[in-house]
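A.B. asks: My structure is stored as work-v2.cif, with mmCIF, N, CA and C atoms.
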data_structure
loop_
_atom_site.label_atom_id
_atom_site.label_comp_id
_atom_site.auth_asym_id
_atom_site.auth_seq_id
_atom_site.Cartn_x
_atom_site.Cartn_y
_atom_site.Cartn_z
N MET A 111 10.45 -20.15 19.37
CA MET A 111 10.47 -18.93 20.13
C MET A 111 9.29 -18.07 19.68
N ASP A 112 8.57 -17.51 20.63
CA ASP A 112 7.45 -16.63 20.30
C ASP A 112 7.85 -15.20 20.60
N LEU A 113 8.04 -14.42 19.55
CA LEU A 113 8.44 -13.03 19.70
C LEU A 113 7.24 -12.08 19.73
N GLY A 114 6.03 -12.64 19.72
CA GLY A 114 4.83 -11.81 19.75
C GLY A 114 4.58 -11.07 18.45
N LEU A 115 5.00 -11.66 17.33
CA LEU A 115 4.87 -10.99 16.04
C LEU A 115 3.74 -11.53 15.18
N ALA A 116 3.05 -12.55 15.64
CA ALA A 116 1.98 -13.15 14.84
C ALA A 116 0.96 -12.10 14.45
N GLY A 117 0.57 -12.14 13.17
CA GLY A 117 -0.43 -11.21 12.66
C GLY A 117 0.12 -9.86 12.23
N LYS A 118 1.41 -9.65 12.41
CA LYS A 118 2.03 -8.39 12.00
C LYS A 118 2.60 -8.55 10.59
N HIS A 119 3.05 -7.45 10.01
CA HIS A 119 3.48 -7.43 8.61
C HIS A 119 4.87 -6.81 8.48
N ALA A 120 5.70 -7.44 7.64
CA ALA A 120 7.07 -6.97 7.43
C ALA A 120 7.38 -6.85 5.94
N ILE A 121 8.34 -5.98 5.62
CA ILE A 121 8.89 -5.89 4.28
C ILE A 121 10.40 -6.05 4.39
N VAL A 122 10.97 -6.85 3.47
CA VAL A 122 12.40 -7.18 3.52
C VAL A 122 13.00 -7.03 2.13
N THR A 123 13.99 -6.16 1.98
CA THR A 123 14.70 -6.10 0.71
C THR A 123 15.81 -7.13 0.72
N GLY A 124 16.20 -7.58 -0.46
CA GLY A 124 17.22 -8.62 -0.55
C GLY A 124 16.75 -9.90 0.11
N GLY A 125 15.46 -10.17 0.02
CA GLY A 125 14.87 -11.28 0.78
C GLY A 125 14.84 -12.62 0.07
N SER A 126 15.46 -12.74 -1.09
CA SER A 126 15.39 -14.01 -1.82
C SER A 126 16.51 -14.97 -1.47
N ARG A 127 17.57 -14.47 -0.80
CA ARG A 127 18.69 -15.35 -0.44
C ARG A 127 19.49 -14.74 0.70
N GLY A 128 20.40 -15.51 1.24
CA GLY A 128 21.31 -15.03 2.27
C GLY A 128 20.62 -14.57 3.54
N VAL A 129 21.16 -13.51 4.13
CA VAL A 129 20.64 -12.97 5.39
C VAL A 129 19.19 -12.53 5.24
N GLY A 130 18.86 -11.85 4.14
CA GLY A 130 17.49 -11.39 3.94
C GLY A 130 16.50 -12.53 3.91
N ARG A 131 16.87 -13.62 3.26
CA ARG A 131 16.00 -14.80 3.22
C ARG A 131 15.84 -15.39 4.60
N ALA A 132 16.94 -15.49 5.34
CA ALA A 132 16.87 -16.03 6.71
C ALA A 132 15.97 -15.17 7.59
N VAL A 133 16.07 -13.86 7.46
CA VAL A 133 15.21 -12.95 8.23
C VAL A 133 13.75 -13.18 7.84
N ALA A 134 13.47 -13.23 6.54
CA ALA A 134 12.10 -13.43 6.07
C ALA A 134 11.54 -14.76 6.61
N GLU A 135 12.33 -15.81 6.55
CA GLU A 135 11.86 -17.11 7.04
C GLU A 135 11.59 -17.09 8.54
N ARG A 136 12.43 -16.42 9.30
CA ARG A 136 12.22 -16.32 10.75
C ARG A 136 10.94 -15.55 11.06
N LEU A 137 10.72 -14.45 10.34
CA LEU A 137 9.51 -13.66 10.55
C LEU A 137 8.27 -14.46 10.17
N LEU A 138 8.35 -15.21 9.08
CA LEU A 138 7.24 -16.07 8.68
C LEU A 138 6.96 -17.14 9.73
N ALA A 139 8.01 -17.72 10.28
CA ALA A 139 7.85 -18.73 11.32
C ALA A 139 7.18 -18.16 12.56
N GLU A 140 7.34 -16.86 12.78
CA GLU A 140 6.70 -16.18 13.91
C GLU A 140 5.25 -15.82 13.62
N GLY A 141 4.80 -16.09 12.38
CA GLY A 141 3.41 -15.81 12.03
C GLY A 141 3.17 -14.48 11.37
N MET A 142 4.24 -13.81 10.95
CA MET A 142 4.09 -12.54 10.25
C MET A 142 3.82 -12.79 8.77
N SER A 143 3.16 -11.84 8.11
CA SER A 143 3.15 -11.83 6.66
C SER A 143 4.37 -11.03 6.24
N VAL A 144 5.00 -11.46 5.14
CA VAL A 144 6.26 -10.86 4.72
C VAL A 144 6.26 -10.61 3.22
N ALA A 145 6.62 -9.40 2.84
CA ALA A 145 6.86 -9.07 1.44
C ALA A 145 8.36 -9.00 1.24
N ILE A 146 8.86 -9.69 0.22
CA ILE A 146 10.28 -9.63 -0.08
C ILE A 146 10.48 -9.04 -1.47
N CYS A 147 11.66 -8.49 -1.68
CA CYS A 147 12.06 -8.09 -3.02
C CYS A 147 13.54 -8.36 -3.19
N ALA A 148 13.93 -8.50 -4.44
CA ALA A 148 15.32 -8.65 -4.86
C ALA A 148 15.34 -8.35 -6.35
N ARG A 149 16.53 -8.23 -6.92
CA ARG A 149 16.62 -7.86 -8.33
C ARG A 149 16.22 -8.98 -9.29
N ASP A 150 16.49 -10.23 -8.94
CA ASP A 150 16.28 -11.34 -9.86
C ASP A 150 14.86 -11.88 -9.76
N PRO A 151 14.04 -11.72 -10.81
CA PRO A 151 12.65 -12.19 -10.74
C PRO A 151 12.54 -13.69 -10.50
N ASP A 152 13.43 -14.47 -11.13
CA ASP A 152 13.38 -15.93 -10.93
C ASP A 152 13.76 -16.29 -9.50
N GLY A 153 14.75 -15.59 -8.95
CA GLY A 153 15.15 -15.84 -7.57
C GLY A 153 14.05 -15.49 -6.58
N VAL A 154 13.35 -14.39 -6.82
CA VAL A 154 12.24 -13.99 -5.95
C VAL A 154 11.13 -15.03 -6.03
N ALA A 155 10.77 -15.43 -7.25
CA ALA A 155 9.69 -16.41 -7.42
C ALA A 155 10.04 -17.73 -6.75
N ALA A 156 11.28 -18.19 -6.92
CA ALA A 156 11.70 -19.45 -6.30
C ALA A 156 11.68 -19.34 -4.78
N ALA A 157 12.17 -18.23 -4.25
CA ALA A 157 12.19 -18.04 -2.79
C ALA A 157 10.78 -18.04 -2.22
N VAL A 158 9.87 -17.32 -2.88
CA VAL A 158 8.48 -17.27 -2.41
C VAL A 158 7.87 -18.67 -2.45
N ASP A 159 8.06 -19.38 -3.55
CA ASP A 159 7.52 -20.74 -3.66
C ASP A 159 8.07 -21.65 -2.58
N GLU A 160 9.38 -21.58 -2.34
CA GLU A 160 10.01 -22.43 -1.32
C GLU A 160 9.55 -22.07 0.08
N MET A 161 9.40 -20.80 0.37
CA MET A 161 8.94 -20.40 1.70
C MET A 161 7.49 -20.82 1.92
N ARG A 162 6.68 -20.70 0.88
CA ARG A 162 5.28 -21.15 1.00
C ARG A 162 5.23 -22.66 1.21
N ALA A 163 6.05 -23.39 0.47
CA ALA A 163 6.07 -24.85 0.58
C ALA A 163 6.57 -25.32 1.95
N ALA A 164 7.34 -24.49 2.62
CA ALA A 164 7.87 -24.85 3.94
C ALA A 164 6.79 -24.83 5.01
N GLY A 165 5.62 -24.29 4.67
CA GLY A 165 4.50 -24.32 5.60
C GLY A 165 4.60 -23.35 6.75
N HIS A 166 5.25 -22.23 6.53
CA HIS A 166 5.33 -21.21 7.58
C HIS A 166 3.93 -20.70 7.92
N ALA A 167 3.78 -20.20 9.13
CA ALA A 167 2.48 -19.71 9.58
C ALA A 167 2.06 -18.45 8.85
N GLY A 168 3.00 -17.62 8.45
CA GLY A 168 2.68 -16.35 7.80
C GLY A 168 2.61 -16.48 6.29
N ASP A 169 2.05 -15.46 5.66
CA ASP A 169 1.93 -15.38 4.20
C ASP A 169 3.15 -14.64 3.65
N VAL A 170 3.61 -15.05 2.48
CA VAL A 170 4.75 -14.39 1.85
C VAL A 170 4.44 -14.09 0.39
N TRP A 171 4.90 -12.97 -0.07
CA TRP A 171 4.82 -12.62 -1.49
C TRP A 171 6.05 -11.81 -1.83
N GLY A 172 6.32 -11.68 -3.12
CA GLY A 172 7.51 -10.94 -3.50
C GLY A 172 7.44 -10.40 -4.91
N GLU A 173 8.35 -9.47 -5.18
CA GLU A 173 8.47 -8.85 -6.49
C GLU A 173 9.94 -8.61 -6.79
N ALA A 174 10.26 -8.57 -8.08
CA ALA A 174 11.60 -8.16 -8.50
C ALA A 174 11.68 -6.64 -8.44
N VAL A 175 12.59 -6.13 -7.62
CA VAL A 175 12.79 -4.70 -7.46
C VAL A 175 14.28 -4.46 -7.26
N ASP A 176 14.82 -3.51 -7.99
CA ASP A 176 16.20 -3.07 -7.77
C ASP A 176 16.13 -1.87 -6.84
N VAL A 177 16.70 -1.98 -5.65
CA VAL A 177 16.58 -0.89 -4.67
C VAL A 177 17.27 0.38 -5.13
N ALA A 178 18.15 0.28 -6.13
CA ALA A 178 18.77 1.47 -6.68
C ALA A 178 17.79 2.27 -7.55
N ASP A 179 16.69 1.64 -7.94
CA ASP A 179 15.59 2.33 -8.63
C ASP A 179 14.68 2.88 -7.54
N HIS A 180 14.97 4.07 -7.09
CA HIS A 180 14.30 4.61 -5.90
C HIS A 180 12.80 4.77 -6.08
N ALA A 181 12.35 5.16 -7.25
CA ALA A 181 10.91 5.26 -7.50
C ALA A 181 10.28 3.87 -7.47
N GLY A 182 10.95 2.90 -8.06
CA GLY A 182 10.45 1.53 -8.04
C GLY A 182 10.39 0.97 -6.63
N LEU A 183 11.39 1.28 -5.83
CA LEU A 183 11.41 0.82 -4.43
C LEU A 183 10.25 1.42 -3.65
N ARG A 184 10.04 2.72 -3.79
CA ARG A 184 8.93 3.37 -3.09
C ARG A 184 7.59 2.77 -3.50
N ALA A 185 7.44 2.51 -4.79
CA ALA A 185 6.18 1.92 -5.29
C ALA A 185 5.99 0.53 -4.71
N TRP A 186 7.05 -0.26 -4.61
CA TRP A 186 6.95 -1.61 -4.03
C TRP A 186 6.55 -1.54 -2.55
N VAL A 187 7.16 -0.63 -1.82
CA VAL A 187 6.79 -0.46 -0.40
C VAL A 187 5.31 -0.10 -0.30
N ALA A 188 4.87 0.85 -1.11
CA ALA A 188 3.46 1.27 -1.08
C ALA A 188 2.53 0.10 -1.41
N ARG A 189 2.87 -0.69 -2.43
CA ARG A 189 2.04 -1.85 -2.79
C ARG A 189 2.02 -2.88 -1.67
N SER A 190 3.17 -3.08 -1.05
CA SER A 190 3.26 -4.07 0.04
C SER A 190 2.45 -3.63 1.26
N VAL A 191 2.53 -2.35 1.59
CA VAL A 191 1.74 -1.81 2.70
C VAL A 191 0.25 -1.98 2.40
N GLU A 192 -0.13 -1.64 1.18
CA GLU A 192 -1.54 -1.76 0.81
C GLU A 192 -2.01 -3.21 0.85
N ARG A 193 -1.22 -4.11 0.30
CA ARG A 193 -1.61 -5.52 0.26
C ARG A 193 -1.78 -6.10 1.66
N ALA A 194 -0.87 -5.73 2.56
CA ALA A 194 -0.91 -6.28 3.92
C ALA A 194 -1.86 -5.51 4.83
N GLY A 195 -2.31 -4.35 4.40
CA GLY A 195 -3.14 -3.52 5.26
C GLY A 195 -2.33 -2.78 6.30
N GLY A 196 -1.04 -2.62 6.04
CA GLY A 196 -0.16 -1.91 6.95
C GLY A 196 1.17 -2.63 7.06
N VAL A 197 2.11 -1.99 7.74
CA VAL A 197 3.41 -2.62 7.96
C VAL A 197 3.88 -2.29 9.38
N ASP A 198 4.50 -3.30 10.00
CA ASP A 198 5.01 -3.15 11.37
C ASP A 198 6.53 -3.17 11.44
N VAL A 199 7.16 -3.84 10.47
CA VAL A 199 8.61 -4.04 10.50
C VAL A 199 9.17 -3.77 9.11
N VAL A 200 10.24 -2.97 9.05
CA VAL A 200 10.94 -2.68 7.80
C VAL A 200 12.37 -3.19 7.95
N VAL A 201 12.78 -4.04 7.01
CA VAL A 201 14.14 -4.61 7.05
C VAL A 201 14.86 -4.24 5.74
N PRO A 202 15.64 -3.16 5.76
CA PRO A 202 16.42 -2.79 4.57
C PRO A 202 17.71 -3.61 4.54
N ASN A 203 17.68 -4.72 3.83
CA ASN A 203 18.78 -5.68 3.85
C ASN A 203 19.67 -5.63 2.62
N ALA A 204 19.21 -5.09 1.51
CA ALA A 204 20.01 -5.10 0.28
C ALA A 204 21.29 -4.30 0.48
N SER A 205 22.39 -4.77 -0.16
CA SER A 205 23.67 -4.10 -0.01
C SER A 205 24.52 -4.27 -1.25
N ALA A 206 25.30 -3.26 -1.56
CA ALA A 206 26.24 -3.31 -2.68
C ALA A 206 27.68 -3.40 -2.20
N LEU A 207 27.90 -3.31 -0.91
CA LEU A 207 29.28 -3.22 -0.40
C LEU A 207 30.17 -4.40 -0.80
N GLY A 208 29.62 -5.59 -0.86
CA GLY A 208 30.44 -6.75 -1.15
C GLY A 208 31.05 -6.77 -2.53
N GLY A 209 30.48 -6.07 -3.50
CA GLY A 209 30.97 -6.20 -4.85
C GLY A 209 31.39 -4.91 -5.52
N ILE A 210 31.81 -3.92 -4.74
CA ILE A 210 32.16 -2.65 -5.37
C ILE A 210 33.60 -2.26 -5.06
N ALA A 211 34.12 -1.40 -5.88
CA ALA A 211 35.49 -0.92 -5.71
C ALA A 211 35.58 0.04 -4.53
N ASN A 212 36.74 0.06 -3.89
CA ASN A 212 36.96 0.96 -2.76
C ASN A 212 37.51 2.29 -3.29
N ASP A 213 36.68 2.99 -4.02
CA ASP A 213 37.02 4.31 -4.52
C ASP A 213 35.77 5.18 -4.47
N VAL A 214 35.86 6.40 -4.92
CA VAL A 214 34.73 7.33 -4.81
C VAL A 214 33.49 6.77 -5.50
N SER A 215 33.64 6.24 -6.70
CA SER A 215 32.46 5.72 -7.41
C SER A 215 31.87 4.53 -6.67
N GLY A 216 32.70 3.71 -6.06
CA GLY A 216 32.20 2.58 -5.28
C GLY A 216 31.43 3.03 -4.05
N TRP A 217 31.96 4.06 -3.37
CA TRP A 217 31.26 4.57 -2.20
C TRP A 217 29.96 5.26 -2.59
N GLU A 218 29.93 5.93 -3.74
CA GLU A 218 28.68 6.52 -4.23
C GLU A 218 27.66 5.44 -4.53
N ARG A 219 28.09 4.35 -5.15
CA ARG A 219 27.20 3.23 -5.45
C ARG A 219 26.68 2.62 -4.15
N SER A 220 27.53 2.48 -3.17
CA SER A 220 27.12 1.94 -1.88
C SER A 220 26.05 2.83 -1.25
N PHE A 221 26.22 4.13 -1.31
CA PHE A 221 25.22 5.05 -0.77
C PHE A 221 23.89 4.87 -1.48
N GLU A 222 23.93 4.72 -2.81
CA GLU A 222 22.71 4.56 -3.62
C GLU A 222 21.98 3.26 -3.34
N VAL A 223 22.70 2.21 -2.93
CA VAL A 223 22.10 0.89 -2.74
C VAL A 223 21.93 0.53 -1.26
N ASP A 224 22.82 0.99 -0.41
CA ASP A 224 22.78 0.61 1.00
C ASP A 224 22.04 1.62 1.88
N VAL A 225 22.39 2.88 1.74
CA VAL A 225 21.89 3.90 2.66
C VAL A 225 20.58 4.51 2.21
N LEU A 226 20.57 5.08 1.03
CA LEU A 226 19.39 5.80 0.56
C LEU A 226 18.15 4.91 0.48
N PRO A 227 18.24 3.68 0.00
CA PRO A 227 17.03 2.84 -0.02
C PRO A 227 16.46 2.58 1.39
N ALA A 228 17.33 2.46 2.39
CA ALA A 228 16.83 2.27 3.75
C ALA A 228 16.02 3.48 4.19
N VAL A 229 16.53 4.67 3.90
CA VAL A 229 15.82 5.91 4.24
C VAL A 229 14.49 5.97 3.50
N LEU A 230 14.51 5.68 2.20
CA LEU A 230 13.29 5.76 1.40
C LEU A 230 12.25 4.75 1.84
N MET A 231 12.68 3.54 2.21
CA MET A 231 11.74 2.52 2.70
C MET A 231 11.02 3.00 3.94
N VAL A 232 11.79 3.48 4.89
CA VAL A 232 11.19 3.95 6.15
C VAL A 232 10.30 5.16 5.88
N GLU A 233 10.77 6.07 5.05
CA GLU A 233 9.97 7.25 4.73
C GLU A 233 8.62 6.86 4.12
N GLU A 234 8.63 5.92 3.19
CA GLU A 234 7.39 5.49 2.53
C GLU A 234 6.49 4.73 3.50
N ALA A 235 7.07 3.95 4.38
CA ALA A 235 6.29 3.13 5.31
C ALA A 235 5.91 3.86 6.59
N LEU A 236 6.50 5.01 6.85
CA LEU A 236 6.33 5.69 8.14
C LEU A 236 4.88 5.96 8.54
N PRO A 237 4.02 6.42 7.64
CA PRO A 237 2.63 6.63 8.10
C PRO A 237 2.01 5.33 8.65
N SER A 238 2.24 4.22 7.98
CA SER A 238 1.69 2.96 8.45
C SER A 238 2.38 2.50 9.74
N LEU A 239 3.70 2.65 9.81
CA LEU A 239 4.42 2.28 11.03
C LEU A 239 3.89 3.05 12.23
N ARG A 240 3.68 4.35 12.05
CA ARG A 240 3.16 5.18 13.15
C ARG A 240 1.75 4.76 13.54
N GLU A 241 0.89 4.58 12.54
CA GLU A 241 -0.50 4.21 12.82
C GLU A 241 -0.57 2.88 13.57
N ARG A 242 0.18 1.91 13.12
CA ARG A 242 0.12 0.59 13.75
C ARG A 242 0.73 0.61 15.15
N ALA A 243 1.74 1.43 15.36
CA ALA A 243 2.33 1.56 16.70
C ALA A 243 1.33 2.19 17.66
N VAL A 244 0.61 3.20 17.20
CA VAL A 244 -0.41 3.85 18.03
C VAL A 244 -1.53 2.87 18.35
N LEU A 245 -1.98 2.11 17.35
CA LEU A 245 -3.04 1.13 17.59
C LEU A 245 -2.60 0.07 18.58
N ALA A 246 -1.34 -0.35 18.50
CA ALA A 246 -0.83 -1.35 19.43
C ALA A 246 -0.81 -0.78 20.85
N GLN A 247 -0.43 0.48 21.00
CA GLN A 247 -0.44 1.11 22.32
C GLN A 247 -1.85 1.20 22.88
N LEU A 248 -2.82 1.54 22.04
CA LEU A 248 -4.20 1.63 22.49
C LEU A 248 -4.73 0.27 22.93
N LYS A 249 -4.35 -0.78 22.25
CA LYS A 249 -4.76 -2.13 22.64
C LYS A 249 -4.24 -2.48 24.02
N ARG A 250 -3.00 -2.07 24.28
CA ARG A 250 -2.39 -2.37 25.59
C ARG A 250 -3.07 -1.62 26.72
N LEU A 251 -3.64 -0.46 26.42
CA LEU A 251 -4.30 0.35 27.43
C LEU A 251 -5.67 -0.18 27.82
N LYS A 252 -6.28 -0.97 26.96
CA LYS A 252 -7.62 -1.49 27.22
C LYS A 252 -7.61 -2.53 28.31
#
Is it possible to express this structure as structure tokens?

C.D. replies:
Amino acid sequence: MDLGLAGKHAIVTGGSRGVGRAVAERLLAEGMSVAICARDPDGVAAAVDEMRAAGHAGDVWGEAVDVADHAGLRAWVARSVERAGGVDVVVPNASALGGIANDVSGWERSFEVDVLPAVLMVEEALPSLRERAVLAQLKRLK
């Protein structure tokens, strides 16, 4: 399937396994470059190596980042945007819901890992997202 994503750039949290990995692989198959992150450095390295070995059309790289470390997450987004020369797609996939208690502290942890990182990712990537969207519109007008 050609989704018209070739040459575009994405960032995916929780991209070393599960749904995040599947999303990253699909985007790579479409010809996108993809930056992934997850907490486990060995898992990230293995996922990147395996995705590269699969011969996807796009480039992939990754780093160990805990999305609950909000400064670290912002820095990773900034590095990924810089490395790719911009970003077109942001996929905030990391989640704590599956392994937390259903009480106030659990819901606070979920907010820190599920909701706030998504906001911070978009906030950090927004200048690039806007710029690339405007450039894409200008290309269509030509």

A.B. asks: Once the PyMOL selection byres ((chain A and resi 173) around 7) is applied to the coordinates I shared, what remains selected? I want it as an MDAnalysis selection string.

C.D. replies: chainID A and resid 145:151 154:155 171:172 174:175

A.B. asks: Hey, what comes out of the PyMOL selection byres (((chain A and resi 212-229 and name CA) around 9) and name CA) on this file? Could you write it as a PyMOL selection string?

C.D. replies: chain A and resi 176-180+183-184+200-207+209-211+230-234

A.B. asks: Apply the PyMOL selection byres (((chain A and resi 142 and name CA) around 8) and name CA) to the structure shown and report the selected residues as an MDAnalysis selection string.

C.D. replies: chainID A and resid 115:120 137:141 143:144 167:169

A.B. asks: For the selection you just gave me, I'd like the residues written to a file as a PDB file, in the frame of the given file, keeping N, CA and C atoms.

C.D. replies:
ATOM      1  N   LEU A 115       5.000 -11.660  17.330  1.00  0.00           N
ATOM      2  CA  LEU A 115       4.870 -10.990  16.040  1.00  0.00           C
ATOM      3  C   LEU A 115       3.740 -11.530  15.180  1.00  0.00           C
ATOM      4  N   ALA A 116       3.050 -12.550  15.640  1.00  0.00           N
ATOM      5  CA  ALA A 116       1.980 -13.150  14.840  1.00  0.00           C
ATOM      6  C   ALA A 116       0.960 -12.100  14.450  1.00  0.00           C
ATOM      7  N   GLY A 117       0.570 -12.140  13.170  1.00  0.00           N
ATOM      8  CA  GLY A 117      -0.430 -11.210  12.660  1.00  0.00           C
ATOM      9  C   GLY A 117       0.120  -9.860  12.230  1.00  0.00           C
ATOM     10  N   LYS A 118       1.410  -9.650  12.410  1.00  0.00           N
ATOM     11  CA  LYS A 118       2.030  -8.390  12.000  1.00  0.00           C
ATOM     12  C   LYS A 118       2.600  -8.550  10.590  1.00  0.00           C
ATOM     13  N   HIS A 119       3.050  -7.450  10.010  1.00  0.00           N
ATOM     14  CA  HIS A 119       3.480  -7.430   8.610  1.00  0.00           C
ATOM     15  C   HIS A 119       4.870  -6.810   8.480  1.00  0.00           C
ATOM     16  N   ALA A 120       5.700  -7.440   7.640  1.00  0.00           N
ATOM     17  CA  ALA A 120       7.070  -6.970   7.430  1.00  0.00           C
ATOM     18  C   ALA A 120       7.380  -6.850   5.940  1.00  0.00           C
ATOM     19  N   LEU A 137      10.720 -14.450  10.340  1.00  0.00           N
ATOM     20  CA  LEU A 137       9.510 -13.660  10.550  1.00  0.00           C
ATOM     21  C   LEU A 137       8.270 -14.460  10.170  1.00  0.00           C
ATOM     22  N   LEU A 138       8.350 -15.210   9.080  1.00  0.00           N
ATOM     23  CA  LEU A 138       7.240 -16.070   8.680  1.00  0.00           C
ATOM     24  C   LEU A 138       6.960 -17.140   9.730  1.00  0.00           C
ATOM     25  N   ALA A 139       8.010 -17.720  10.280  1.00  0.00           N
ATOM     26  CA  ALA A 139       7.850 -18.730  11.320  1.00  0.00           C
ATOM     27  C   ALA A 139       7.180 -18.160  12.560  1.00  0.00           C
ATOM     28  N   GLU A 140       7.340 -16.860  12.780  1.00  0.00           N
ATOM     29  CA  GLU A 140       6.700 -16.180  13.910  1.00  0.00           C
ATOM     30  C   GLU A 140       5.250 -15.820  13.620  1.00  0.00           C
ATOM     31  N   GLY A 141       4.800 -16.090  12.380  1.00  0.00           N
ATOM     32  CA  GLY A 141       3.410 -15.810  12.030  1.00  0.00           C
ATOM     33  C   GLY A 141       3.170 -14.480  11.370  1.00  0.00           C
ATOM     34  N   SER A 143       3.160 -11.840   8.110  1.00  0.00           N
ATOM     35  CA  SER A 143       3.150 -11.830   6.660  1.00  0.00           C
ATOM     36  C   SER A 143       4.370 -11.030   6.240  1.00  0.00           C
ATOM     37  N   VAL A 144       5.000 -11.460   5.140  1.00  0.00           N
ATOM     38  CA  VAL A 144       6.260 -10.860   4.720  1.00  0.00           C
ATOM     39  C   VAL A 144       6.260 -10.610   3.220  1.00  0.00           C
ATOM     40  N   ALA A 167       3.780 -20.200   9.130  1.00  0.00           N
ATOM     41  CA  ALA A 167       2.480 -19.710   9.580  1.00  0.00           C
ATOM     42  C   ALA A 167       2.060 -18.450   8.850  1.00  0.00           C
ATOM     43  N   GLY A 168       3.000 -17.620   8.450  1.00  0.00           N
ATOM     44  CA  GLY A 168       2.680 -16.350   7.800  1.00  0.00           C
ATOM     45  C   GLY A 168       2.610 -16.480   6.290  1.00  0.00           C
ATOM     46  N   ASP A 169       2.050 -15.460   5.660  1.00  0.00           N
ATOM     47  CA  ASP A 169       1.930 -15.380   4.200  1.00  0.00           C
ATOM     48  C   ASP A 169       3.150 -14.640   3.650  1.00  0.00           C
TER      49      ASP A 169
END

A.B. asks: Looking only at helix (DSSP H, G or I) from DSSP on the backbone, list the matching residues of chain A as a VMD selection string.

C.D. replies: chain A and resid 128 to 139 151 to 163 180 to 194 207 to 209 214 to 251

A.B. asks: Once 4 Å is added on each side, what centre and edge lengths in Å to one decimal does the axis-aligned box around all listed atoms of stretch 163-177 of chain A have, as lines of an AutoDock Vina configuration file?

C.D. replies:
center_x = 9.6
center_y = -12.5
center_z = 0.5
size_x = 23.3
size_y = 33.7
size_z = 26.1

A.B. asks: Using DSSP on the backbone, list every residue of stretch 126-192 of chain A that comes out as strand (DSSP E or B), and give them as a list in words.

C.D. replies: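 Residues of stretch 126-192 of chain A classed as strand (DSSP E or B): Ser143, Val144, Ala145, Ile146, Cys147, Ala148, Val170, Trp171, Gly172, Glu173 and Ala174 of chain A.
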
A.B. asks: Please indicate the distance in Å from atom CA of A:Leu239 to atom CA of A:Trp186, rounded to one decimal place.

C.D. replies: 15.8 Å

A.B. asks: What does the distance from atom CA of A:Glu135 to atom CA of A:Arg193 come to in Å, to one decimal?

C.D. replies: 19.0 Å

A.B. asks: Just to confirm, what's the straight-line distance from atom C of A:Ala243 to atom N of A:Ser190 in Å (one decimal)?

C.D. replies: 19.5 Å
